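Below: model06.txt (compact mmCIF, C-alpha atoms)
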# COMPACT_ATOMS: atom_id res chain seq x y z
CA MET A 15 0.00 0.00 0.00
CA GLU A 16 2.83 2.36 0.83
CA ASN A 17 4.14 2.47 -2.72
CA SER A 18 1.02 4.29 -3.82
CA TYR A 19 2.40 7.37 -2.06
CA LYS A 20 5.04 7.86 -4.76
CA ASN A 21 2.76 9.77 -7.04
CA GLN A 22 1.74 12.41 -4.56
CA ASP A 23 -0.52 14.63 -6.58
CA ARG A 24 -2.70 11.82 -7.75
CA HIS A 25 -4.18 11.13 -4.38
CA SER A 26 -5.32 13.48 -1.70
CA ASN A 27 -7.08 13.92 1.60
CA GLY A 28 -5.59 10.88 3.21
CA VAL A 29 -7.56 8.51 1.06
CA GLU A 30 -5.49 5.51 0.26
CA GLU A 31 -5.28 5.55 -3.48
CA THR A 32 -5.41 1.82 -3.58
CA ALA A 33 -7.70 1.25 -0.68
CA GLY A 34 -6.11 -2.06 0.16
CA ASP A 35 -7.85 -4.92 -1.49
CA GLU A 36 -11.11 -3.81 0.02
CA ASN A 37 -14.31 -3.78 -1.89
CA THR A 38 -16.42 -0.73 -2.42
CA ILE A 39 -20.19 -0.69 -2.35
CA LEU A 40 -22.32 1.96 -4.00
CA ILE A 41 -25.63 2.78 -2.34
CA LYS A 42 -27.86 4.66 -4.75
CA ARG A 43 -30.44 5.87 -2.28
CA THR A 44 -30.94 7.71 0.98
CA LEU A 45 -30.42 5.80 4.21
CA ARG A 46 -33.27 6.56 6.59
CA SER A 47 -33.68 6.27 10.34
CA GLY A 48 -33.31 2.68 11.50
CA GLN A 49 -31.49 1.54 8.39
CA ARG A 50 -28.09 0.15 9.06
CA LEU A 51 -25.34 -0.73 6.65
CA HIS A 52 -22.47 -2.86 7.76
CA TYR A 53 -19.89 -3.39 5.05
CA ASP A 54 -16.41 -4.84 4.90
CA GLY A 55 -14.83 -2.25 2.64
CA ASN A 56 -15.56 1.27 1.43
CA VAL A 57 -19.04 2.72 1.25
CA VAL A 58 -20.23 5.38 -1.15
CA VAL A 59 -23.77 6.68 -0.69
CA MET A 60 -25.44 8.57 -3.50
CA GLY A 61 -28.00 10.18 -1.26
CA ASP A 62 -28.34 11.32 2.33
CA VAL A 63 -27.73 9.53 5.60
CA ASN A 64 -30.52 10.68 7.92
CA PRO A 65 -30.44 10.86 11.74
CA GLY A 66 -30.97 7.39 13.16
CA ALA A 67 -29.30 5.68 10.20
CA GLU A 68 -25.97 4.00 10.73
CA ILE A 69 -23.09 3.03 8.47
CA MET A 70 -20.22 0.87 9.64
CA ALA A 71 -17.44 0.21 7.19
CA SER A 72 -13.99 -1.25 7.57
CA GLY A 73 -12.81 1.27 4.98
CA ASN A 74 -13.75 4.81 4.02
CA ILE A 75 -17.23 6.31 3.91
CA ILE A 76 -18.23 8.86 1.33
CA VAL A 77 -21.69 10.40 1.36
CA MET A 78 -22.67 12.31 -1.76
CA GLY A 79 -25.33 14.20 0.11
CA GLN A 80 -26.07 15.19 3.68
CA LEU A 81 -24.58 13.09 6.41
CA ARG A 82 -26.66 13.46 9.57
CA GLY A 83 -26.64 9.96 11.03
CA VAL A 84 -23.98 7.85 12.73
CA VAL A 85 -20.98 6.68 10.71
CA HIS A 86 -18.09 4.48 11.65
CA ALA A 87 -15.22 4.32 9.19
CA GLY A 88 -12.25 2.03 9.67
CA ALA A 89 -14.42 -0.13 11.89
CA GLY A 90 -11.78 -2.85 11.97
CA GLY A 91 -9.29 -0.42 13.52
CA ASN A 92 -7.95 1.28 10.39
CA GLU A 93 -6.89 4.74 11.57
CA LYS A 94 -6.26 5.87 8.01
CA ALA A 95 -9.92 5.62 7.11
CA ILE A 96 -11.76 8.83 6.30
CA VAL A 97 -15.33 10.06 6.20
CA MET A 98 -16.29 12.54 3.57
CA SER A 99 -19.60 14.18 2.82
CA PHE A 100 -20.99 17.03 0.79
CA ARG A 101 -22.51 18.20 4.03
CA LEU A 102 -20.92 16.74 7.10
CA ALA A 103 -23.27 17.08 10.08
CA PRO A 104 -23.21 13.65 11.72
CA THR A 105 -24.92 12.71 14.96
CA GLN A 106 -21.76 10.90 15.82
CA LEU A 107 -18.64 10.21 13.82
CA ARG A 108 -16.31 7.33 14.54
CA ILE A 109 -13.04 6.43 12.91
CA ALA A 110 -11.28 3.25 14.05
CA ASN A 111 -11.61 3.44 17.86
CA HIS A 112 -12.11 7.20 18.05
CA ILE A 113 -15.61 8.48 18.81
CA THR A 114 -16.59 12.12 18.32
CA ARG A 115 -19.79 14.09 18.37
CA PRO A 116 -20.52 17.68 17.47
CA PRO A 117 -20.24 20.18 20.33
CA ASP A 118 -23.43 21.06 22.22
CA GLY A 119 -25.30 24.15 21.23
CA ASP A 120 -25.56 25.76 17.87
CA THR A 121 -23.13 24.45 15.36
CA GLN A 122 -22.53 26.26 12.18
CA GLU A 123 -22.97 24.12 9.15
CA THR A 124 -20.99 24.60 6.03
CA ASP A 125 -22.35 24.10 2.59
CA ARG A 126 -19.04 22.79 1.41
CA PRO A 127 -17.80 19.23 1.28
CA GLU A 128 -15.81 18.28 4.34
CA ILE A 129 -13.55 15.42 5.22
CA ALA A 130 -12.88 13.83 8.58
CA SER A 131 -9.70 11.93 9.31
CA ILE A 132 -7.42 11.16 12.22
CA LYS A 133 -4.57 13.64 12.47
CA ASN A 134 -2.12 13.52 15.37
CA GLY A 135 -4.41 11.11 17.16
CA VAL A 136 -7.56 13.22 17.00
CA VAL A 137 -10.45 13.21 14.57
CA THR A 138 -10.07 16.37 12.51
CA ILE A 139 -12.61 17.84 10.14
CA GLU A 140 -11.45 20.01 7.27
CA LEU A 141 -12.93 21.46 4.17
CA PHE A 142 -12.41 19.16 1.27
CA ASN A 143 -9.98 21.08 -0.81
CA VAL A 144 -7.61 19.25 -3.06
CA SER A 145 -4.94 21.92 -3.43
CA ILE A 146 -4.72 22.69 0.28
CA ASP A 147 -4.52 19.08 1.10
CA ARG A 148 -1.58 18.59 -1.22
CA GLN A 149 0.37 21.14 0.74
CA HIS A 150 -0.23 19.16 3.88
CA ARG A 151 1.40 16.07 2.58
CA MET B 17 -33.03 1.31 49.17
CA MET B 18 -36.64 1.74 48.19
CA SER B 19 -36.75 1.80 44.47
CA GLU B 20 -39.56 1.71 42.01
CA VAL B 21 -39.85 0.59 38.43
CA ILE B 22 -42.56 2.62 36.73
CA VAL B 23 -43.80 2.13 33.19
CA VAL B 24 -45.29 5.08 31.30
CA THR B 25 -47.82 3.76 28.82
CA SER B 26 -50.91 4.82 26.87
CA GLY B 27 -51.92 2.43 24.14
CA LYS B 28 -52.49 5.21 21.66
CA GLY B 29 -49.52 6.92 20.07
CA GLY B 30 -48.80 10.61 20.17
CA VAL B 31 -50.40 11.39 23.52
CA GLY B 32 -47.12 12.29 25.18
CA LYS B 33 -45.56 9.20 26.73
CA THR B 34 -42.04 10.17 25.82
CA THR B 35 -42.52 13.81 26.83
CA THR B 36 -44.01 12.67 30.13
CA THR B 37 -41.17 10.20 30.75
CA ALA B 38 -38.55 12.86 30.06
CA ASN B 39 -40.26 15.42 32.27
CA LEU B 40 -40.89 13.08 35.17
CA GLY B 41 -37.30 11.85 35.02
CA THR B 42 -35.92 15.37 34.90
CA GLY B 43 -38.27 16.49 37.66
CA LEU B 44 -37.31 13.59 39.90
CA ALA B 45 -33.62 14.23 39.27
CA ALA B 46 -34.07 17.93 40.03
CA ALA B 47 -35.73 16.92 43.30
CA GLY B 48 -32.58 14.99 44.19
CA HIS B 49 -33.55 11.47 43.23
CA LYS B 50 -31.34 9.15 41.24
CA ALA B 51 -33.31 8.08 38.20
CA VAL B 52 -32.76 6.13 35.01
CA LEU B 53 -35.03 6.40 31.98
CA VAL B 54 -35.32 3.30 29.85
CA ASP B 55 -36.46 3.70 26.26
CA ALA B 56 -38.35 0.51 25.44
CA ASP B 57 -39.48 1.77 22.04
CA ILE B 58 -36.98 -0.31 20.11
CA GLY B 59 -36.85 0.63 16.44
CA LEU B 60 -38.55 3.98 16.97
CA ARG B 61 -36.47 5.51 19.67
CA ASN B 62 -37.24 9.10 20.63
CA LEU B 63 -36.37 9.60 24.27
CA ASP B 64 -32.73 10.28 23.45
CA VAL B 65 -33.76 12.98 20.99
CA VAL B 66 -36.16 14.60 23.44
CA LEU B 67 -33.41 14.71 26.06
CA GLY B 68 -30.87 15.99 23.54
CA LEU B 69 -28.60 13.00 24.12
CA GLU B 70 -28.78 11.32 20.73
CA ASN B 71 -25.21 12.06 19.76
CA ARG B 72 -23.82 10.39 22.88
CA ILE B 73 -25.21 6.94 22.15
CA VAL B 74 -22.71 4.18 21.62
CA TYR B 75 -24.44 1.14 23.11
CA ASP B 76 -28.14 0.49 23.52
CA ILE B 77 -30.56 -1.65 25.49
CA THR B 78 -30.18 -4.68 23.22
CA ASN B 79 -26.43 -4.77 23.87
CA VAL B 80 -27.27 -4.99 27.57
CA THR B 81 -30.04 -7.58 27.31
CA ASP B 82 -27.83 -9.68 25.03
CA LYS B 83 -25.19 -9.55 27.77
CA GLN B 84 -22.56 -8.05 25.53
CA ILE B 85 -21.88 -5.27 28.02
CA PRO B 86 -22.95 -4.34 31.57
CA TYR B 87 -25.71 -1.72 31.73
CA ARG B 88 -23.32 0.81 33.26
CA LYS B 89 -21.53 0.99 29.95
CA ALA B 90 -24.70 1.73 28.02
CA ILE B 91 -26.37 4.32 30.23
CA ILE B 92 -25.80 7.96 29.33
CA LYS B 93 -25.60 10.71 31.92
CA ASP B 94 -27.90 13.66 31.32
CA LYS B 95 -26.38 16.99 30.28
CA ARG B 96 -27.85 18.93 33.18
CA TYR B 97 -28.48 16.53 36.03
CA GLU B 98 -25.76 14.37 37.54
CA ASN B 99 -28.29 11.87 38.88
CA LEU B 100 -30.33 11.37 35.70
CA PHE B 101 -29.43 8.65 33.23
CA LEU B 102 -30.79 7.26 29.98
CA LEU B 103 -30.66 3.72 28.66
CA PRO B 104 -31.37 4.26 24.95
CA ALA B 105 -33.32 1.93 22.69
CA ALA B 106 -31.83 0.38 19.58
CA GLN B 107 -32.90 2.07 16.38
CA THR B 108 -31.89 -0.55 13.86
CA LYS B 109 -33.69 -3.50 15.45
CA ASP B 110 -37.29 -4.27 16.32
CA LYS B 111 -39.32 -5.16 19.38
CA THR B 112 -38.47 -8.85 19.15
CA ALA B 113 -34.83 -8.03 19.93
CA VAL B 114 -35.77 -8.09 23.63
CA SER B 115 -37.92 -10.56 25.57
CA PRO B 116 -40.06 -9.90 28.65
CA ASP B 117 -37.76 -12.10 30.75
CA GLN B 118 -34.74 -10.07 29.69
CA MET B 119 -36.54 -6.84 30.56
CA LYS B 120 -37.43 -8.19 33.97
CA GLU B 121 -33.82 -9.06 34.63
CA LEU B 122 -32.69 -5.64 33.43
CA CYS B 123 -35.17 -3.84 35.67
CA ASP B 124 -34.05 -5.87 38.65
CA ASP B 125 -30.44 -4.93 37.94
CA LEU B 126 -31.29 -1.26 37.55
CA ARG B 127 -33.32 -1.13 40.73
CA GLN B 128 -30.20 -1.99 42.74
CA GLU B 129 -28.66 1.33 41.77
CA PHE B 130 -31.53 3.73 41.04
CA GLU B 131 -34.37 5.08 43.13
CA TYR B 132 -36.56 5.41 40.08
CA VAL B 133 -36.49 3.33 36.92
CA ILE B 134 -38.91 4.88 34.43
CA ILE B 135 -39.73 2.95 31.30
CA ASP B 136 -40.98 4.69 28.19
CA CYS B 137 -43.39 2.20 26.64
CA PRO B 138 -44.03 2.06 22.89
CA ALA B 139 -47.51 2.64 21.51
CA GLY B 140 -49.59 -0.45 20.86
CA ILE B 141 -50.36 -3.59 22.83
CA GLU B 142 -47.98 -6.01 21.15
CA GLN B 143 -44.53 -7.31 21.99
CA GLY B 144 -43.10 -3.88 22.79
CA PHE B 145 -45.81 -3.23 25.35
CA LYS B 146 -45.36 -6.67 26.89
CA ASN B 147 -41.62 -6.07 27.17
CA ALA B 148 -42.03 -2.62 28.68
CA ILE B 149 -44.40 -3.73 31.45
CA ALA B 150 -42.63 -7.01 32.27
CA GLY B 151 -40.37 -5.60 34.97
CA ALA B 152 -42.56 -2.77 36.24
CA ASP B 153 -43.92 -2.39 39.77
CA ARG B 154 -46.50 0.16 38.81
CA ALA B 155 -47.82 2.01 35.80
CA ILE B 156 -48.62 5.55 34.80
CA VAL B 157 -51.18 5.79 32.02
CA VAL B 158 -51.08 8.90 29.84
CA THR B 159 -54.11 10.01 27.88
CA THR B 160 -55.36 13.10 26.12
CA PRO B 161 -58.96 14.35 26.40
CA GLU B 162 -60.04 12.60 23.21
CA VAL B 163 -62.44 9.70 22.93
CA SER B 164 -59.96 7.60 20.99
CA ALA B 165 -57.12 8.12 23.48
CA VAL B 166 -59.42 7.43 26.43
CA ARG B 167 -60.72 4.28 24.76
CA ASP B 168 -57.16 3.03 24.28
CA ALA B 169 -56.23 3.99 27.83
CA ASP B 170 -59.17 1.91 29.06
CA ARG B 171 -57.93 -1.07 27.08
CA ILE B 172 -54.41 -0.58 28.44
CA ILE B 173 -55.63 -0.40 32.04
CA GLY B 174 -57.41 -3.71 31.47
CA LEU B 175 -54.27 -5.28 30.06
CA LEU B 176 -52.17 -3.92 32.93
CA GLU B 177 -54.56 -5.45 35.43
CA ALA B 178 -54.37 -8.76 33.60
CA ASN B 179 -50.61 -8.56 34.09
CA GLU B 180 -50.85 -7.92 37.82
CA LEU B 181 -50.17 -4.20 37.48
CA ARG B 182 -53.06 -2.88 39.52
CA ASP B 183 -54.05 0.67 40.41
CA PRO B 184 -52.33 2.54 37.59
CA LYS B 185 -52.16 6.31 37.95
CA LEU B 186 -53.51 8.58 35.27
CA ILE B 187 -52.00 11.68 33.68
CA VAL B 188 -54.28 13.70 31.42
CA ASN B 189 -52.12 15.52 28.92
CA ARG B 190 -52.77 18.47 26.62
CA LEU B 191 -55.96 19.66 28.28
CA ARG B 192 -57.39 22.90 26.95
CA TYR B 193 -59.37 24.51 29.70
CA ASN B 194 -61.24 26.92 27.45
CA MET B 195 -62.44 24.10 25.20
CA VAL B 196 -63.57 22.07 28.17
CA LYS B 197 -65.46 25.07 29.50
CA ALA B 198 -67.18 25.50 26.15
CA GLY B 199 -68.13 21.83 26.18
CA ASP B 200 -65.95 21.07 23.17
CA MET B 201 -63.48 18.85 24.96
CA MET B 202 -63.82 16.00 27.43
CA SER B 203 -63.38 17.21 30.97
CA ILE B 204 -61.33 15.52 33.68
CA ASP B 205 -64.56 14.28 35.21
CA ASP B 206 -65.68 12.77 31.91
CA ILE B 207 -62.39 10.93 31.63
CA LEU B 208 -62.34 9.72 35.22
CA ASP B 209 -65.93 8.61 34.85
CA ILE B 210 -64.85 6.13 32.19
CA LEU B 211 -61.44 5.10 33.44
CA ALA B 212 -62.07 5.10 37.21
CA VAL B 213 -58.43 5.27 38.21
CA GLU B 214 -56.52 7.62 40.44
CA LEU B 215 -55.58 10.93 38.83
CA LEU B 216 -51.89 11.77 39.19
CA GLY B 217 -52.03 15.04 37.35
CA VAL B 218 -53.32 17.20 34.53
CA VAL B 219 -50.95 18.85 32.08
CA PRO B 220 -52.39 21.77 30.12
CA GLU B 221 -51.75 22.22 26.42
CA ASP B 222 -48.68 24.43 26.25
CA GLU B 223 -46.57 25.48 23.33
CA MET B 224 -43.56 25.61 25.64
CA VAL B 225 -43.56 21.80 25.46
CA VAL B 226 -42.89 21.99 21.74
CA ILE B 227 -40.34 24.75 22.14
CA THR B 228 -38.33 23.00 24.86
CA THR B 229 -38.55 19.61 23.17
CA ASN B 230 -37.11 21.02 19.96
CA ARG B 231 -34.18 22.32 21.97
CA GLY B 232 -33.55 18.96 23.61
CA GLU B 233 -34.74 20.34 26.93
CA THR B 234 -37.68 19.53 29.16
CA VAL B 235 -40.47 21.89 30.12
CA VAL B 236 -40.29 20.86 33.78
CA GLN B 237 -37.10 22.93 34.01
CA ASP B 238 -38.98 26.03 32.89
CA ASP B 239 -40.16 27.80 36.04
CA LYS B 240 -42.60 30.02 34.23
CA SER B 241 -44.54 27.55 32.12
CA ARG B 242 -47.83 26.08 33.27
CA SER B 243 -47.10 22.64 31.92
CA GLY B 244 -43.76 22.70 33.75
CA GLN B 245 -45.60 23.51 36.96
CA ALA B 246 -48.00 20.65 36.27
CA TYR B 247 -45.09 18.23 35.87
CA ARG B 248 -43.41 19.52 39.03
CA ASN B 249 -46.66 18.92 40.90
CA ILE B 250 -46.84 15.39 39.53
CA VAL B 251 -43.30 14.71 40.71
CA ARG B 252 -44.21 15.90 44.19
CA ARG B 253 -47.27 13.64 44.19
CA MET B 254 -45.09 10.72 43.13
CA ASN B 255 -43.06 11.38 46.27
CA GLY B 256 -46.16 11.11 48.39
CA GLU B 257 -46.91 14.81 48.83
CA GLN B 258 -50.46 16.06 48.71
CA VAL B 259 -50.57 18.72 46.03
CA PRO B 260 -53.91 20.04 44.83
CA LEU B 261 -54.57 20.29 41.11
CA MET B 262 -53.45 23.60 39.71
CA ASP B 263 -55.91 26.14 38.42
CA LEU B 264 -56.15 25.43 34.75
CA GLN B 265 -58.03 28.56 33.92
CA GLU B 266 -56.13 30.57 31.37
CA GLY B 267 -55.46 34.24 32.05
CA GLY B 268 -56.04 36.08 35.30
CA ILE B 269 -52.46 36.12 36.51
CA LEU B 270 -53.33 37.63 39.88
CA LYS B 271 -55.87 34.99 40.56
CA LYS B 272 -53.47 32.30 39.47
CA LEU B 273 -50.75 33.73 41.67
CA ARG B 274 -53.00 33.87 44.68
CA LYS B 275 -54.04 30.31 44.10
CA PHE B 276 -50.45 29.30 43.66
CA MET B 277 -49.40 30.88 46.92
CA GLY B 278 -52.28 29.19 48.61
CA MET B 279 -51.09 25.85 47.31
CA LYS B 280 -47.63 26.09 48.80

Take the structure in the file and give it back as structure tokens.
Amino acid sequence: MENSYKNQDRHSNGVEETAGDENTILIKRTLRSGQRLHYDGNVVVMGDVNPGAEIMASGNIIVMGQLRGVVHAGAGGNEKAIVMSFRLAPTQLRIANHITRPPDGDTQETDRPEIASIKNGVVTIELFNVSIDRQHR
Amino acid sequence: MMSEVIVVTSGKGGVGKTTTTANLGTGLAAAGHKAVLVDADIGLRNLDVVLGLENRIVYDITNVTDKQIPYRKAIIKDKRYENLFLLPAAQTKDKTAVSPDQMKELCDDLRQEFEYVIIDCPAGIEQGFKNAIAGADRAIVVTTPEVSAVRDADRIIGLLEANELRDPKLIVNRLRYNMVKAGDMMSIDDILDILAVELLGVVPEDEMVVITTNRGETVVQDDKSRSGQAYRNIVRRMNGEQVPLMDLQEGGILKKLRKFMGMK
């Protein structure tokens, strides 16, 4: 997996370019309250993840819509897993064995895609911006 | 320690079981009692949302009844009260995920630690209801002043009696005094005439309930609201105090105040 780092500008945002030999599943609908997806690999949702819905994936989770439910990326313990959404407003966000929730009170929501990953041992949420992320690496 | 397991039930949906559970729990905690609220509405959990604790949930009741973890790991401490806890329901399972025997065992575990165990029962009379009442010592029946809700409450009281839960207490929720006065709504007397159970309290219709619920707060914490006062009175009655019913008449602040002082 490490050799994929050679070509730096082809991958970004901490996403493993070759996400191991994991599978990826594409969900072409909105996950509603009470619906739960448990998948060994990456998950891409073309829709929203509503409050009360839950996604657990051993790999990365990408939501092409609003993420308002509970997500757990890197559920097997993979600290390099990321969660990305066009609108990241989860009830609770877990990566590997880290659990975070939004702070109490009013939280400002952005209309921009954001990405959550573990940086220096804490779950960090940043705007999804390819050029900025390249500078980080 | 004297502890009680109380189930809050109604039969009909939407009459305010969850709101009542949250307010009684908060009220009891504010009065210094150690309480745990158990959401038995598996698959349609709401109590966590009403209490504003949804984003703290990691484990739920099914993890406890399946013996994967001890209950202490699943209960969530309230934001405001140190002695109030929530055992959340599972959202991605259904009522069959728990059995009455498991609920009984859970209630007996919880009663070792908490003065009050309050169970939020799902609507209906099926498995979820049977689970919720399995471990309870007594029941609080919630109804609204509508014929359908009262009919369902009557059915529930019958079912509770069949399950050895006698003498349930009644809470009439969302009463509109002006409508009762105009003869457009069932009065407390009409309701008691049919149900013939002891009245624990009357909660007036109050938009503060909606406002506080949307904020993840409970109206019982609001000193000014009438419904909050009603819930505080109910809590005092639960602790054996004699508290007269509040004046439900709307308007006339002076009169209300005088009455209120007289009550104290």

Within 9 Å of chain B: residues of chain A, using only C-alpha atoms, as a list in words: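 Putting it all together, I get Ser47, Gly48, Gln49, Arg50, Gly66, Ala67, Glu68, Val84, Pro104, Thr105, Gln106, Ile113, Thr114, Arg115 and Pro116 of chain A.
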
Emit the selected residues as an mmCIF file, in the coordinates of the input, including C-alpha atoms.
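Result went into part-v9.cif, see below:
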data_model
loop_
_atom_site.group_PDB
_atom_site.id
_atom_site.type_symbol
_atom_site.label_atom_id
_atom_site.label_comp_id
_atom_site.auth_asym_id
_atom_site.auth_seq_id
_atom_site.Cartn_x
_atom_site.Cartn_y
_atom_site.Cartn_z
ATOM 1 C CA SER A 47 -33.680 6.270 10.340
ATOM 2 C CA GLY A 48 -33.310 2.680 11.500
ATOM 3 C CA GLN A 49 -31.490 1.540 8.390
ATOM 4 C CA ARG A 50 -28.090 0.150 9.060
ATOM 5 C CA GLY A 66 -30.970 7.390 13.160
ATOM 6 C CA ALA A 67 -29.300 5.680 10.200
ATOM 7 C CA GLU A 68 -25.970 4.000 10.730
ATOM 8 C CA VAL A 84 -23.980 7.850 12.730
ATOM 9 C CA PRO A 104 -23.210 13.650 11.720
ATOM 10 C CA THR A 105 -24.920 12.710 14.960
ATOM 11 C CA GLN A 106 -21.760 10.900 15.820
ATOM 12 C CA ILE A 113 -15.610 8.480 18.810
ATOM 13 C CA THR A 114 -16.590 12.120 18.320
ATOM 14 C CA ARG A 115 -19.790 14.090 18.370
ATOM 15 C CA PRO A 116 -20.520 17.680 17.470
#

Coordinates-based distance that separates CA of Asn249 in chain B from CA of Val133 in chain B (Å, one decimal):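 Those two atoms sit 19.0 Å apart.
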
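Shortest separation to Arg46 in chain A among A:Val58, A:Arg82, A:Val97, A:Ile75 occurs at residue A:Arg82, atoms counted being all atoms listed in the file.
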
Contact residues around Leu63 in chain B with all atoms listed in the file at 8 Å, ignoring same-chain residues under 5 positions, as number ranges by chain: B: 34-35, 38, 55, 104, 136

Selected residue of minimal separation from Ala110 in chain A among A:His86, A:Arg43, A:Arg126, A:Lys133, counting only C-alpha atoms: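 Nearest candidate to Ala110 in chain A out of A:His86, A:Arg43, A:Arg126, A:Lys133: A:His86.
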
For Arg96 in chain B, the nearest of the candidates B:Ala47, B:Leu67, B:Ala139, B:Val166, counting all atoms listed in the file: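 For Arg96 in chain B, the nearest of the given residues is B:Leu67.
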
Shell around Thr159 in chain B at 6 Å using only C-alpha atoms, local window under 5 positions removed, as a VMD selection string: chain B and resid 31 165 188 to 189

Coordinates-based distance that separates CA of Asp64 in chain B from CA of Met98 in chain A (Å, one decimal):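 Spanning CA of Met98 in chain A to CA of Asp64 in chain B is a straight-line distance of 25.9 Å.
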
Polymer residues at most 10 Å from Ile96 in chain A, only C-alpha atoms, same-chain spacing of 2 or more positions, as a list in words: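 Result of the neighbour search: Asn27, Gly28, Val29, Glu30, Asn56, Gly73, Asn74, Ile75, Ile76, His86, Ala87, Gly88, Asn92, Glu93, Lys94, Met98, Arg108, Ile109, Ala110, Ile129, Ala130, Ser131, Ile132, Val137, Thr138 and Ile139 of chain A.
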
Export of the given selection (C-alpha atoms) as a compact mmCIF listing (two decimals), in the frame of the given file:
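Saved as out_13.txt:
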# COMPACT_ATOMS: atom_id res chain seq x y z
CA ASN A 27 -7.08 13.92 1.60
CA GLY A 28 -5.59 10.88 3.21
CA VAL A 29 -7.56 8.51 1.06
CA GLU A 30 -5.49 5.51 0.26
CA ASN A 56 -15.56 1.27 1.43
CA GLY A 73 -12.81 1.27 4.98
CA ASN A 74 -13.75 4.81 4.02
CA ILE A 75 -17.23 6.31 3.91
CA ILE A 76 -18.23 8.86 1.33
CA HIS A 86 -18.09 4.48 11.65
CA ALA A 87 -15.22 4.32 9.19
CA GLY A 88 -12.25 2.03 9.67
CA ASN A 92 -7.95 1.28 10.39
CA GLU A 93 -6.89 4.74 11.57
CA LYS A 94 -6.26 5.87 8.01
CA MET A 98 -16.29 12.54 3.57
CA ARG A 108 -16.31 7.33 14.54
CA ILE A 109 -13.04 6.43 12.91
CA ALA A 110 -11.28 3.25 14.05
CA ILE A 129 -13.55 15.42 5.22
CA ALA A 130 -12.88 13.83 8.58
CA SER A 131 -9.70 11.93 9.31
CA ILE A 132 -7.42 11.16 12.22
CA VAL A 137 -10.45 13.21 14.57
CA THR A 138 -10.07 16.37 12.51
CA ILE A 139 -12.61 17.84 10.14

Residues near Val59 in chain A, cut-off 6 Å, only C-alpha atoms, skip fewer than 2 positions along chain, as a list in words: Leu40, Ile41, Gly61, Val77 and Met78 of chain A

Between CA of Asn143 in chain A and CA of Asp125 in chain A - distance in Å to one decimal: 13.2 Å

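Distance check against Asn194 in chain B using all atoms listed in the file: of B:Gln118, B:Gln265, B:Arg242, B:Ile149, the minimum falls on B:Gln265.
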
Polymer residues at most 6 Å from Ala71 in chain A, only C-alpha atoms, same-chain spacing of 5 or more positions, as JSON, numbers by chain: {"A": [52, 53, 54, 55, 87, 89]}

Generate the coordinates of N, CA and C atoms for range 43-55 of chain A; report them as an mmCIF file, keeping the file's coordinate frame.
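The resulting file, selection-v4.cif, is shown below:
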data_model
loop_
_atom_site.group_PDB
_atom_site.id
_atom_site.type_symbol
_atom_site.label_atom_id
_atom_site.label_comp_id
_atom_site.auth_asym_id
_atom_site.auth_seq_id
_atom_site.Cartn_x
_atom_site.Cartn_y
_atom_site.Cartn_z
ATOM 1 N N ARG A 43 -29.204 5.379 -2.895
ATOM 2 C CA ARG A 43 -30.440 5.870 -2.280
ATOM 3 C C ARG A 43 -30.102 6.524 -0.951
ATOM 4 N N THR A 44 -31.113 7.086 -0.329
ATOM 5 C CA THR A 44 -30.940 7.710 0.980
ATOM 6 C C THR A 44 -31.132 6.668 2.073
ATOM 7 N N LEU A 45 -30.247 6.677 3.065
ATOM 8 C CA LEU A 45 -30.420 5.800 4.210
ATOM 9 C C LEU A 45 -31.254 6.535 5.253
ATOM 10 N N ARG A 46 -32.356 5.915 5.636
ATOM 11 C CA ARG A 46 -33.270 6.560 6.590
ATOM 12 C C ARG A 46 -33.096 6.002 7.988
ATOM 13 N N SER A 47 -33.774 6.668 8.938
ATOM 14 C CA SER A 47 -33.680 6.270 10.340
ATOM 15 C C SER A 47 -33.972 4.779 10.510
ATOM 16 N N GLY A 48 -33.111 4.102 11.241
ATOM 17 C CA GLY A 48 -33.310 2.680 11.500
ATOM 18 C C GLY A 48 -32.638 1.786 10.488
ATOM 19 N N GLN A 49 -32.177 2.355 9.382
ATOM 20 C CA GLN A 49 -31.490 1.540 8.390
ATOM 21 C C GLN A 49 -30.006 1.509 8.733
ATOM 22 N N ARG A 50 -29.453 0.337 8.619
ATOM 23 C CA ARG A 50 -28.090 0.150 9.060
ATOM 24 C C ARG A 50 -27.322 -0.597 7.993
ATOM 25 N N LEU A 51 -26.180 -0.086 7.665
ATOM 26 C CA LEU A 51 -25.340 -0.730 6.650
ATOM 27 C C LEU A 51 -24.021 -1.103 7.294
ATOM 28 N N HIS A 52 -23.720 -2.369 7.213
ATOM 29 C CA HIS A 52 -22.470 -2.860 7.760
ATOM 30 C C HIS A 52 -21.715 -3.461 6.579
ATOM 31 N N TYR A 53 -20.563 -2.919 6.255
ATOM 32 C CA TYR A 53 -19.890 -3.390 5.050
ATOM 33 C C TYR A 53 -18.389 -3.530 5.288
ATOM 34 N N ASP A 54 -17.844 -4.610 4.787
ATOM 35 C CA ASP A 54 -16.410 -4.840 4.900
ATOM 36 C C ASP A 54 -15.743 -4.232 3.674
ATOM 37 N N GLY A 55 -15.424 -2.951 3.768
ATOM 38 C CA GLY A 55 -14.830 -2.250 2.640
ATOM 39 C C GLY A 55 -15.229 -0.797 2.663
#
